[in-house]
>>> print(open('target.cif').read())   # mmCIF, C-alpha atoms and all ligand atoms
data_coords
#
loop_
_atom_site.group_PDB
_atom_site.id
_atom_site.type_symbol
_atom_site.label_atom_id
_atom_site.label_comp_id
_atom_site.auth_asym_id
_atom_site.auth_seq_id
_atom_site.Cartn_x
_atom_site.Cartn_y
_atom_site.Cartn_z
ATOM 1 C CA MET A 1 -13.412 -19.086 18.109
ATOM 2 C CA ARG A 2 -15.315 -15.866 17.481
ATOM 3 C CA ILE A 3 -15.108 -13.180 20.115
ATOM 4 C CA TYR A 4 -17.625 -10.411 20.621
ATOM 5 C CA ILE A 5 -17.043 -7.583 23.048
ATOM 6 C CA SER A 6 -19.671 -5.034 24.017
ATOM 7 C CA ALA A 7 -19.156 -1.673 22.282
ATOM 8 C CA PRO A 8 -17.047 0.596 24.486
ATOM 9 C CA ALA A 9 -17.202 4.396 24.425
ATOM 10 C CA MET A 10 -13.878 5.976 23.486
ATOM 11 C CA TRP A 11 -12.574 6.591 26.974
ATOM 12 C CA PHE A 12 -14.813 4.075 28.674
ATOM 13 C CA LYS A 13 -12.862 2.051 31.232
ATOM 14 C CA ARG A 14 -12.456 -1.320 29.638
ATOM 15 C CA SER A 15 -11.161 -4.463 31.194
ATOM 16 C CA ALA A 16 -7.386 -4.760 30.926
ATOM 17 C CA ILE A 17 -7.182 -7.556 28.422
ATOM 18 C CA CYS A 18 -5.989 -8.253 24.967
ATOM 19 C CA LEU A 19 -7.661 -10.900 22.915
ATOM 20 C CA ALA A 20 -6.390 -12.886 20.009
ATOM 21 C CA SER A 21 -9.075 -13.522 17.484
ATOM 22 C CA GLU A 22 -9.570 -14.834 14.029
ATOM 23 C CA SER A 23 -9.210 -12.606 11.022
ATOM 24 C CA THR A 24 -12.888 -12.543 10.192
ATOM 25 C CA MET A 25 -13.876 -11.078 13.545
ATOM 26 C CA VAL A 26 -16.639 -8.580 13.028
ATOM 27 C CA GLY A 27 -19.198 -8.237 15.745
ATOM 28 C CA PRO A 28 -21.018 -5.920 18.038
ATOM 29 C CA GLY A 29 -17.662 -5.080 19.636
ATOM 30 C CA THR A 30 -16.492 -3.080 16.643
ATOM 31 C CA ARG A 31 -17.452 0.578 16.718
ATOM 32 C CA GLY A 32 -19.605 2.288 14.149
ATOM 33 C CA SER A 33 -19.406 1.706 10.465
ATOM 34 C CA THR A 34 -16.475 0.572 8.383
ATOM 35 C CA VAL A 35 -14.241 3.381 7.122
ATOM 36 C CA LEU A 36 -11.373 1.808 5.187
ATOM 37 C CA GLU A 37 -11.481 -1.763 3.996
ATOM 38 C CA GLY A 38 -9.061 -3.893 2.041
ATOM 39 C CA ARG A 39 -10.793 -7.011 0.764
ATOM 40 C CA ASP A 40 -8.825 -10.051 -0.463
ATOM 41 C CA ILE A 41 -5.916 -7.863 -1.515
ATOM 42 C CA ALA A 42 -2.805 -9.228 -3.208
ATOM 43 C CA TYR A 43 0.175 -7.385 -4.641
ATOM 44 C CA SER A 44 3.130 -8.440 -6.812
ATOM 45 C CA TYR A 45 5.988 -6.167 -7.812
ATOM 46 C CA PRO A 46 6.550 -6.167 -11.584
ATOM 47 C CA GLY A 47 8.841 -9.050 -12.544
ATOM 48 C CA ALA A 48 8.582 -10.756 -9.138
ATOM 49 C CA THR A 49 8.059 -14.512 -9.132
ATOM 50 C CA LYS A 50 5.496 -14.458 -6.312
ATOM 51 C CA PRO A 51 3.195 -11.934 -4.651
ATOM 52 C CA VAL A 52 4.424 -9.890 -1.675
ATOM 53 C CA PHE A 53 1.141 -10.657 0.055
ATOM 54 C CA ALA A 54 -2.157 -12.311 -0.754
ATOM 55 C CA ASP A 55 -5.684 -12.595 0.617
ATOM 56 C CA ILE A 56 -5.291 -9.616 2.930
ATOM 57 C CA ASN A 57 -8.526 -8.607 4.622
ATOM 58 C CA LEU A 58 -8.396 -5.602 6.870
ATOM 59 C CA PHE A 59 -10.743 -2.847 7.941
ATOM 60 C CA THR A 60 -11.029 0.154 10.211
ATOM 61 C CA LYS A 61 -14.147 1.364 11.983
ATOM 62 C CA VAL A 62 -15.051 4.912 12.948
ATOM 63 C CA ASP A 63 -12.897 6.075 15.885
ATOM 64 C CA GLU A 64 -10.649 3.087 15.561
ATOM 65 C CA PHE A 65 -6.875 2.985 15.529
ATOM 66 C CA ILE A 66 -5.488 -0.164 14.002
ATOM 67 C CA ALA A 67 -1.911 -1.340 13.619
ATOM 68 C CA VAL A 68 -0.129 -3.692 11.246
ATOM 69 C CA VAL A 69 2.987 -5.499 12.440
ATOM 70 C CA GLY A 70 5.228 -8.086 10.838
ATOM 71 C CA PRO A 71 8.878 -8.846 10.123
ATOM 72 C CA THR A 72 10.820 -6.524 7.808
ATOM 73 C CA GLY A 73 10.064 -7.264 4.182
ATOM 74 C CA THR A 74 6.612 -8.783 4.762
ATOM 75 C CA GLY A 75 5.007 -6.015 2.744
ATOM 76 C CA LYS A 76 3.611 -3.596 5.335
ATOM 77 C CA SER A 77 4.717 -0.463 3.466
ATOM 78 C CA THR A 78 3.509 -1.972 0.214
ATOM 79 C CA LEU A 79 0.140 -2.701 1.835
ATOM 80 C CA LEU A 80 -0.213 0.938 2.951
ATOM 81 C CA ARG A 81 0.607 2.109 -0.571
ATOM 82 C CA VAL A 82 -2.080 -0.202 -1.954
ATOM 83 C CA LEU A 83 -4.608 1.003 0.645
ATOM 84 C CA ALA A 84 -3.793 4.578 -0.457
ATOM 85 C CA GLN A 85 -4.121 3.382 -4.083
ATOM 86 C CA LEU A 86 -0.677 4.768 -4.899
ATOM 87 C CA ILE A 87 -0.057 1.385 -6.503
ATOM 88 C CA PRO A 88 -2.770 -0.893 -7.904
ATOM 89 C CA GLN A 89 -3.369 -4.260 -6.263
ATOM 90 C CA ALA A 90 -3.074 -7.450 -8.298
ATOM 91 C CA ALA A 91 -6.260 -8.792 -6.756
ATOM 92 C CA GLY A 92 -8.957 -7.666 -4.362
ATOM 93 C CA LYS A 93 -10.506 -4.275 -3.727
ATOM 94 C CA VAL A 94 -10.136 -1.258 -1.478
ATOM 95 C CA PHE A 95 -13.225 0.492 -0.129
ATOM 96 C CA LEU A 96 -13.695 3.763 1.711
ATOM 97 C CA ASP A 97 -17.049 4.216 3.428
ATOM 98 C CA GLY A 98 -18.308 1.284 1.387
ATOM 99 C CA VAL A 99 -17.359 2.820 -1.974
ATOM 100 C CA GLU A 100 -14.588 1.246 -4.041
ATOM 101 C CA VAL A 101 -11.441 3.380 -4.324
ATOM 102 C CA THR A 102 -9.406 2.953 -7.494
ATOM 103 C CA ARG A 103 -7.105 5.983 -7.443
ATOM 104 C CA PRO A 104 -5.335 8.095 -4.819
ATOM 105 C CA SER A 105 -7.827 10.073 -2.767
ATOM 106 C CA PRO A 106 -7.254 13.027 -0.441
ATOM 107 C CA LYS A 107 -9.455 11.139 1.986
ATOM 108 C CA ILE A 108 -6.683 8.568 2.492
ATOM 109 C CA SER A 109 -3.442 10.240 3.573
ATOM 110 C CA LEU A 110 -0.080 8.515 4.000
ATOM 111 C CA VAL A 111 2.695 9.681 6.338
ATOM 112 C CA HIS A 112 6.018 8.107 5.368
ATOM 113 C CA GLN A 113 8.697 6.869 7.733
ATOM 114 C CA SER A 114 11.280 9.259 6.352
ATOM 115 C CA ILE A 115 10.593 12.789 7.446
ATOM 116 C CA ALA A 116 9.612 14.355 4.147
ATOM 117 C CA THR A 117 9.862 18.113 4.301
ATOM 118 C CA PHE A 118 11.342 20.314 1.601
ATOM 119 C CA PRO A 119 14.254 22.333 3.020
ATOM 120 C CA TRP A 120 13.638 25.404 0.866
ATOM 121 C CA MET A 121 10.043 25.793 2.045
ATOM 122 C CA THR A 122 8.711 27.122 5.332
ATOM 123 C CA ALA A 123 6.576 24.897 7.552
ATOM 124 C CA LEU A 124 3.476 26.610 6.170
ATOM 125 C CA ASP A 125 4.509 26.123 2.543
ATOM 126 C CA ASN A 126 5.425 22.496 3.217
ATOM 127 C CA VAL A 127 1.892 21.908 4.508
ATOM 128 C CA LYS A 128 0.303 23.936 1.711
ATOM 129 C CA LEU A 129 1.908 21.662 -0.869
ATOM 130 C CA VAL A 130 -0.854 19.128 -0.402
ATOM 131 C CA LEU A 131 -3.444 21.680 -1.509
ATOM 132 C CA ALA A 132 -1.655 22.532 -4.755
ATOM 133 C CA GLY A 133 -3.963 21.860 -7.654
ATOM 134 C CA THR A 134 -7.099 21.638 -5.500
ATOM 135 C CA GLY A 135 -8.210 25.097 -6.588
ATOM 136 C CA MET A 136 -8.589 26.164 -2.974
ATOM 137 C CA ASP A 137 -8.498 29.913 -2.493
ATOM 138 C CA GLU A 138 -5.100 31.144 -1.171
ATOM 139 C CA GLN A 139 -6.518 32.698 2.001
ATOM 140 C CA GLU A 140 -8.578 29.624 2.768
ATOM 141 C CA ALA A 141 -5.547 27.388 2.136
ATOM 142 C CA VAL A 142 -3.344 29.439 4.470
ATOM 143 C CA ALA A 143 -6.009 29.391 7.179
ATOM 144 C CA LEU A 144 -6.461 25.620 6.891
ATOM 145 C CA CYS A 145 -2.703 24.947 6.960
ATOM 146 C CA LYS A 146 -2.206 27.230 9.951
ATOM 147 C CA LYS A 147 -4.996 25.411 11.748
ATOM 148 C CA MET A 148 -3.377 22.031 11.047
ATOM 149 C CA LEU A 149 0.029 23.281 12.203
ATOM 150 C CA SER A 150 -1.647 24.418 15.385
ATOM 151 C CA VAL A 151 -3.395 21.034 15.777
ATOM 152 C CA VAL A 152 0.041 19.339 15.813
ATOM 153 C CA GLY A 153 1.412 21.897 18.262
ATOM 154 C CA LEU A 154 3.332 24.115 15.826
ATOM 155 C CA GLN A 155 1.442 27.359 16.230
ATOM 156 C CA GLY A 156 3.958 30.195 15.843
ATOM 157 C CA PHE A 157 6.367 28.097 13.745
ATOM 158 C CA GLU A 158 4.639 28.665 10.394
ATOM 159 C CA GLY A 159 7.582 30.680 9.013
ATOM 160 C CA TYR A 160 10.319 28.300 10.170
ATOM 161 C CA TYR A 161 12.416 26.343 7.673
ATOM 162 C CA PRO A 162 13.112 22.616 8.254
ATOM 163 C CA LYS A 163 16.740 23.313 9.194
ATOM 164 C CA GLU A 164 15.469 25.517 12.031
ATOM 165 C CA MET A 165 13.299 22.717 13.373
ATOM 166 C CA SER A 166 13.987 19.481 15.260
ATOM 167 C CA GLY A 167 13.230 16.070 13.734
ATOM 168 C CA GLY A 168 10.107 15.903 15.871
ATOM 169 C CA MET A 169 8.905 19.282 14.599
ATOM 170 C CA ARG A 170 9.567 18.267 10.999
ATOM 171 C CA GLN A 171 7.585 15.076 11.479
ATOM 172 C CA ARG A 172 4.749 17.186 12.914
ATOM 173 C CA VAL A 173 4.893 19.297 9.742
ATOM 174 C CA ALA A 174 4.560 16.093 7.708
ATOM 175 C CA ILE A 175 1.565 15.044 9.818
ATOM 176 C CA ALA A 176 0.016 18.536 9.478
ATOM 177 C CA ARG A 177 0.439 18.214 5.704
ATOM 178 C CA ALA A 178 -1.308 14.834 5.733
ATOM 179 C CA LEU A 179 -4.122 16.358 7.808
ATOM 180 C CA ALA A 180 -4.486 19.423 5.556
ATOM 181 C CA ALA A 181 -5.746 17.108 2.828
ATOM 182 C CA SER A 182 -8.762 16.602 5.154
ATOM 183 C CA PRO A 183 -8.398 12.817 5.166
ATOM 184 C CA GLU A 184 -10.762 10.352 6.753
ATOM 185 C CA VAL A 185 -7.969 7.857 7.235
ATOM 186 C CA LEU A 186 -4.371 8.477 8.187
ATOM 187 C CA LEU A 187 -1.919 5.770 7.135
ATOM 188 C CA LEU A 188 1.253 5.965 9.225
ATOM 189 C CA ASP A 189 4.314 4.065 8.024
ATOM 190 C CA GLU A 190 6.660 3.859 11.025
ATOM 191 C CA PRO A 191 6.262 7.588 11.551
ATOM 192 C CA PHE A 192 8.189 7.751 14.814
ATOM 193 C CA VAL A 193 11.144 5.558 13.935
ATOM 194 C CA HIS A 194 13.622 8.420 13.446
ATOM 195 C CA LEU A 195 12.588 10.323 16.543
ATOM 196 C CA ASP A 196 14.064 10.176 20.033
ATOM 197 C CA GLU A 197 11.857 8.352 22.524
ATOM 198 C CA LEU A 198 10.629 11.439 24.383
ATOM 199 C CA THR A 199 9.574 13.222 21.195
ATOM 200 C CA ALA A 200 8.106 10.036 19.758
ATOM 201 C CA ASN A 201 6.040 9.544 22.889
ATOM 202 C CA GLU A 202 4.698 13.071 22.767
ATOM 203 C CA ILE A 203 3.752 12.824 19.086
ATOM 204 C CA ARG A 204 2.200 9.370 19.594
ATOM 205 C CA LYS A 205 -0.227 10.842 22.107
ATOM 206 C CA GLU A 206 -0.997 13.733 19.775
ATOM 207 C CA VAL A 207 -1.596 11.465 16.823
ATOM 208 C CA TYR A 208 -3.963 9.309 18.841
ATOM 209 C CA ASP A 209 -5.891 12.382 19.983
ATOM 210 C CA LEU A 210 -6.031 13.665 16.400
ATOM 211 C CA VAL A 211 -8.054 10.685 15.281
ATOM 212 C CA PHE A 212 -10.748 11.757 17.714
ATOM 213 C CA ASN A 213 -10.281 15.527 17.461
ATOM 214 C CA PRO A 214 -13.429 17.195 16.093
ATOM 215 C CA ALA A 215 -11.194 19.867 14.482
ATOM 216 C CA THR A 216 -9.993 17.228 12.006
ATOM 217 C CA THR A 217 -11.890 15.113 9.512
ATOM 218 C CA LEU A 218 -10.084 11.970 10.660
ATOM 219 C CA LYS A 219 -12.154 8.923 11.441
ATOM 220 C CA SER A 220 -9.496 6.278 11.839
ATOM 221 C CA ALA A 221 -5.812 5.488 11.473
ATOM 222 C CA VAL A 222 -3.627 2.590 10.397
ATOM 223 C CA LEU A 223 -0.179 2.438 11.971
ATOM 224 C CA VAL A 224 2.685 0.283 10.729
ATOM 225 C CA SER A 225 5.320 -0.157 13.408
ATOM 226 C CA HIS A 226 8.080 -2.442 14.638
ATOM 227 C CA ASN A 227 7.721 -1.065 18.125
ATOM 228 C CA LEU A 228 5.283 -3.376 19.877
ATOM 229 C CA HIS A 229 5.089 -1.130 22.943
ATOM 230 C CA GLU A 230 4.040 1.744 20.683
ATOM 231 C CA VAL A 231 1.473 -0.524 19.052
ATOM 232 C CA VAL A 232 -0.029 -1.562 22.391
ATOM 233 C CA GLN A 233 -0.098 2.077 23.465
ATOM 234 C CA LEU A 234 -2.042 3.184 20.390
ATOM 235 C CA ALA A 235 -3.955 0.409 18.702
ATOM 236 C CA ASP A 236 -7.434 -0.967 19.212
ATOM 237 C CA ARG A 237 -6.708 -3.941 16.975
ATOM 238 C CA VAL A 238 -3.466 -5.289 15.554
ATOM 239 C CA TYR A 239 -3.119 -7.225 12.319
ATOM 240 C CA ILE A 240 -0.079 -9.481 12.308
ATOM 241 C CA MET A 241 1.438 -10.181 8.884
ATOM 242 C CA ASN A 242 3.866 -13.012 8.242
ATOM 243 C CA SER A 243 4.866 -15.747 5.813
ATOM 244 C CA SER A 244 5.716 -15.430 2.139
ATOM 245 C CA PRO A 245 3.629 -14.401 0.366
ATOM 246 C CA ALA A 246 2.499 -12.630 3.503
ATOM 247 C CA ILE A 247 -0.947 -13.200 4.936
ATOM 248 C CA ILE A 248 -2.665 -11.982 8.088
ATOM 249 C CA VAL A 249 -1.693 -14.711 10.554
ATOM 250 C CA ASP A 250 -3.531 -13.242 13.526
ATOM 251 C CA ILE A 251 -5.508 -10.296 14.807
ATOM 252 C CA VAL A 252 -5.103 -9.160 18.399
ATOM 253 C CA LYS A 253 -7.608 -6.873 20.030
ATOM 254 C CA ILE A 254 -6.045 -4.526 22.569
ATOM 255 C CA ASP A 255 -8.700 -3.873 25.129
ATOM 256 C CA LEU A 256 -6.879 -1.737 27.703
ATOM 257 C CA PRO A 257 -8.234 1.496 29.167
ATOM 258 C CA ARG A 258 -6.784 4.723 27.737
ATOM 259 C CA PRO A 259 -4.547 6.590 28.040
ATOM 260 C CA ARG A 260 -2.138 3.662 28.312
ATOM 261 C CA THR A 261 1.294 3.347 29.826
ATOM 262 C CA GLU A 262 3.624 0.402 30.184
ATOM 263 C CA ARG A 263 2.954 0.385 33.920
ATOM 264 C CA ASP A 264 -0.703 -0.518 33.379
ATOM 265 C CA SER A 265 -1.656 -4.014 34.347
ATOM 266 C CA GLY A 266 -2.096 -6.081 31.220
ATOM 267 C CA PHE A 267 0.077 -3.848 29.014
ATOM 268 C CA LEU A 268 3.025 -6.223 28.868
ATOM 269 C CA ASP A 269 0.699 -9.209 28.446
ATOM 270 C CA CYS A 270 -0.522 -7.565 25.248
ATOM 271 C CA VAL A 271 3.065 -7.004 24.078
ATOM 272 C CA ASP A 272 3.722 -10.726 24.741
ATOM 273 C CA GLU A 273 0.602 -11.656 22.824
ATOM 274 C CA LEU A 274 1.948 -9.724 19.823
ATOM 275 C CA TYR A 275 5.358 -11.395 20.111
ATOM 276 C CA LYS A 276 3.613 -14.752 20.102
ATOM 277 C CA GLY A 277 1.582 -13.730 17.078
ATOM 278 C CA LEU A 278 4.707 -12.676 15.220
ATOM 279 C CA ASN A 279 6.058 -16.190 15.561
ATOM 280 C CA LEU A 280 3.044 -17.568 13.741
ATOM 281 C CA LYS A 281 3.840 -18.392 10.136
ATOM 282 C CA THR A 282 0.379 -19.403 9.071
ATOM 283 C CA ALA A 283 -3.081 -18.180 9.906
ATOM 284 C CA LYS A 284 -4.831 -19.730 12.877
ATOM 285 C CA SER A 285 -7.640 -21.959 11.750
HETATM 286 P P1 LIG B 1 7.991 -3.941 4.933
HETATM 287 O O1 LIG B 1 7.439 -2.552 4.902
HETATM 288 O O2 LIG B 1 7.104 -4.926 5.633
HETATM 289 O O3 LIG B 1 9.381 -4.009 5.458
HETATM 290 P P2 LIG B 1 7.954 -3.666 2.051
HETATM 291 O O4 LIG B 1 6.533 -3.430 1.710
HETATM 292 O O5 LIG B 1 8.856 -2.490 2.048
HETATM 293 O O6 LIG B 1 8.049 -4.468 3.426
HETATM 294 O O7 LIG B 1 8.555 -4.719 1.025
HETATM 295 C C1 LIG B 1 7.953 -5.991 0.821
HETATM 296 C C2 LIG B 1 8.758 -6.776 -0.172
HETATM 297 O O8 LIG B 1 8.677 -6.154 -1.436
HETATM 298 C C3 LIG B 1 10.223 -6.886 0.184
HETATM 299 O O9 LIG B 1 10.668 -8.179 -0.141
HETATM 300 C C4 LIG B 1 10.888 -5.859 -0.696
HETATM 301 O O10 LIG B 1 12.184 -6.246 -1.036
HETATM 302 C C5 LIG B 1 9.979 -5.859 -1.910
HETATM 303 N N1 LIG B 1 9.930 -4.531 -2.542
HETATM 304 C C6 LIG B 1 9.686 -3.365 -1.909
HETATM 305 N N2 LIG B 1 9.686 -2.326 -2.792
HETATM 306 C C7 LIG B 1 9.939 -2.878 -4.000
HETATM 307 C C8 LIG B 1 10.069 -2.353 -5.316
HETATM 308 N N3 LIG B 1 9.914 -1.052 -5.573
HETATM 309 N N4 LIG B 1 10.343 -3.244 -6.317
HETATM 310 C C9 LIG B 1 10.471 -4.552 -6.088
HETATM 311 N N5 LIG B 1 10.364 -5.124 -4.880
HETATM 312 C C10 LIG B 1 10.106 -4.303 -3.842
HETATM 313 MG MG MG B 2 8.224 -0.735 5.572
#
>>> encode(input="target.cif", output="structure tokens")
Amino acid sequence: MRIYISAPAMWFKRSAICLASESTMVGPGTRGSTVLEGRDIAYSYPGATKPVFADINLFTKVDEFIAVVGPTGTGKSTLLRVLAQLIPQAAGKVFLDGVEVTRPSPKISLVHQSIATFPWMTALDNVKLVLAGTGMDEQEAVALCKKMLSVVGLQGFEGYYPKEMSGGMRQRVAIARALAASPEVLLLDEPFVHLDELTANEIRKEVYDLVFNPATTLKSAVLVSHNLHEVVQLADRVYIMNSSPAIIVDIVKIDLPRPRTERDSGFLDCVDELYKGLNLKTAKS
């Protein structure tokens, strides 16, 4: 079954539904042009007897937030590293704005699950790290990093050291650093997993807004998460990975109005739909 949905504006009130669809779904319902695309990707770790995943097809459109879910060990983190070209795929290709990407690009920025700040550097210097070697003028670099710290709500904390900041603030620094590279795509590998729920919730909302904030270059985001409530809160489409080697067993479109809360009608139905999808071992035909 192929499902087409009329193109919604970002905050347009959409019907409260989530739709399971086949992995090749591309239609008038998807917004704008393709930003990041992984086509027929496979990856094997050196010395492994079989690939971690194979035949992965995934894309993001402009102003689209997608998520990837799957059991631990299915290869979600590996997939993000391939999409960022930090490791080379065994098969397939990665494209950004229709152009093949074969090496790490500042346009594709990865935020890791562990909060990666250097304790001996201030928040500002931690963010500035990403600009090292770009040749950017010092004043320009400082201005850009300050702007990104302010975008993530850390204005006034530029001179703080990680030990003076909460886990949530440190993760914001990591996100500001990813943004300072002026990426088009933000890849988020379980970025909220070490945060308390209140902080995580606050940063989730910020991260979603960032994708659509004209002060950033971001066009779309890919979130890896185990938290299906978080996924339903944030994602427009969810790729479900399973099996071994892993494949995309299902894609679920989350078509709920934003901003979303668990009290919204249809929210928990979407969570259930994802649970069901996670029990699939093979792709729907
Ligand atoms: P996920 O993020 O979905 O939990 P990962 O991408 O971390 O999964 O790992 C996928 C598989 O690849 C797992 O079986 C894991 O043990 C294996 N793996 C991860 N990193 C390495 C590595 N550096 N060398 C060899 N195998 C690895
Ligand atoms: Mg992982």
>>> atom_distance(input="target.cif", atom1="atom P2 of ligand LIG 1 (chain B)", atom2="atom CA of Thr34 of chain A")
25.6 Å
>>> residues_around(input="target.cif", residues="Ala221 of chain A", least_positions_apart="3", cutoff="8 Å", atoms="all atoms listed in the file", output="list in words")
Thr60, Glu64, Phe65, Ile66, Val185, Leu186, Leu187, Leu188, Val211 and Leu218 of chain A
>>> residues_around(input="target.cif", residues="segment 49-55 of chain A", least_positions_apart="5", cutoff="8 Å", atoms="only C-alpha atoms", output="list in words")
Arg39, Asp40, Ile41, Ala42, Tyr43, Ser44, Thr74, Gly75, Gly92, Ser244, Pro245, Ala246 and Ile247 of chain A
>>> atom_distance(input="target.cif", atom1="atom CA of Thr199 of chain A", atom2="atom CA of Met165 of chain A")
12.9 Å
>>> resolve_selection(input="target.cif", expression="the PyMOL selection byres (((not hetatm)) within 7 of (chain B and resi 1))", output="PyMOL selection string")
chain A and resi 45-46+52+70-79
>>> closest_residue(input="target.cif", among="A:Ala180, A:Val151, A:Ile240, A:Ile254", to="Pro214 of chain A", atoms="only C-alpha atoms")
A:Val151
>>> resolve_selection(input="target.cif", expression="the PyMOL selection byres (((chain A and resi 191) around 10) and not hetatm)", output="PyMOL selection string")
chain A and resi 110-115+171-172+174-175+187-190+192-195+200+203-204+223-225
>>> build_atoms(input="target.cif", residues="segment 138-150 of chain A", atoms="N, CA and C atoms", output="mmCIF file, in the coordinates of the input")
data_model
loop_
_atom_site.group_PDB
_atom_site.id
_atom_site.type_symbol
_atom_site.label_atom_id
_atom_site.label_comp_id
_atom_site.auth_asym_id
_atom_site.auth_seq_id
_atom_site.Cartn_x
_atom_site.Cartn_y
_atom_site.Cartn_z
ATOM 1 N N GLU A 138 -6.356 30.986 -1.919
ATOM 2 C CA GLU A 138 -5.100 31.144 -1.171
ATOM 3 C C GLU A 138 -5.343 31.408 0.331
ATOM 4 N N GLN A 139 -6.258 32.332 0.592
ATOM 5 C CA GLN A 139 -6.518 32.698 2.001
ATOM 6 C C GLN A 139 -7.065 31.517 2.792
ATOM 7 N N GLU A 140 -7.963 30.793 2.137
ATOM 8 C CA GLU A 140 -8.578 29.624 2.768
ATOM 9 C C GLU A 140 -7.508 28.557 3.025
ATOM 10 N N ALA A 141 -6.612 28.388 2.018
ATOM 11 C CA ALA A 141 -5.547 27.388 2.136
ATOM 12 C C ALA A 141 -4.612 27.740 3.294
ATOM 13 N N VAL A 142 -4.236 29.010 3.393
ATOM 14 C CA VAL A 142 -3.344 29.439 4.470
ATOM 15 C C VAL A 142 -4.020 29.204 5.826
ATOM 16 N N ALA A 143 -5.297 29.553 5.908
ATOM 17 C CA ALA A 143 -6.009 29.391 7.179
ATOM 18 C C ALA A 143 -6.069 27.918 7.576
ATOM 19 N N LEU A 144 -6.367 27.055 6.605
ATOM 20 C CA LEU A 144 -6.461 25.620 6.891
ATOM 21 C C LEU A 144 -5.097 25.070 7.345
ATOM 22 N N CYS A 145 -4.033 25.476 6.632
ATOM 23 C CA CYS A 145 -2.703 24.947 6.960
ATOM 24 C C CYS A 145 -2.243 25.453 8.329
ATOM 25 N N LYS A 146 -2.558 26.708 8.625
ATOM 26 C CA LYS A 146 -2.206 27.230 9.951
ATOM 27 C C LYS A 146 -2.945 26.456 11.039
ATOM 28 N N LYS A 147 -4.200 26.158 10.761
ATOM 29 C CA LYS A 147 -4.996 25.411 11.748
ATOM 30 C C LYS A 147 -4.373 24.032 11.980
ATOM 31 N N MET A 148 -3.949 23.370 10.894
ATOM 32 C CA MET A 148 -3.377 22.031 11.047
ATOM 33 C C MET A 148 -2.026 22.089 11.750
ATOM 34 N N LEU A 149 -1.242 23.139 11.481
ATOM 35 C CA LEU A 149 0.029 23.281 12.203
ATOM 36 C C LEU A 149 -0.252 23.487 13.686
ATOM 37 N N SER A 150 -1.314 24.203 13.975
ATOM 38 C CA SER A 150 -1.647 24.418 15.385
ATOM 39 C C SER A 150 -2.154 23.118 16.026
#
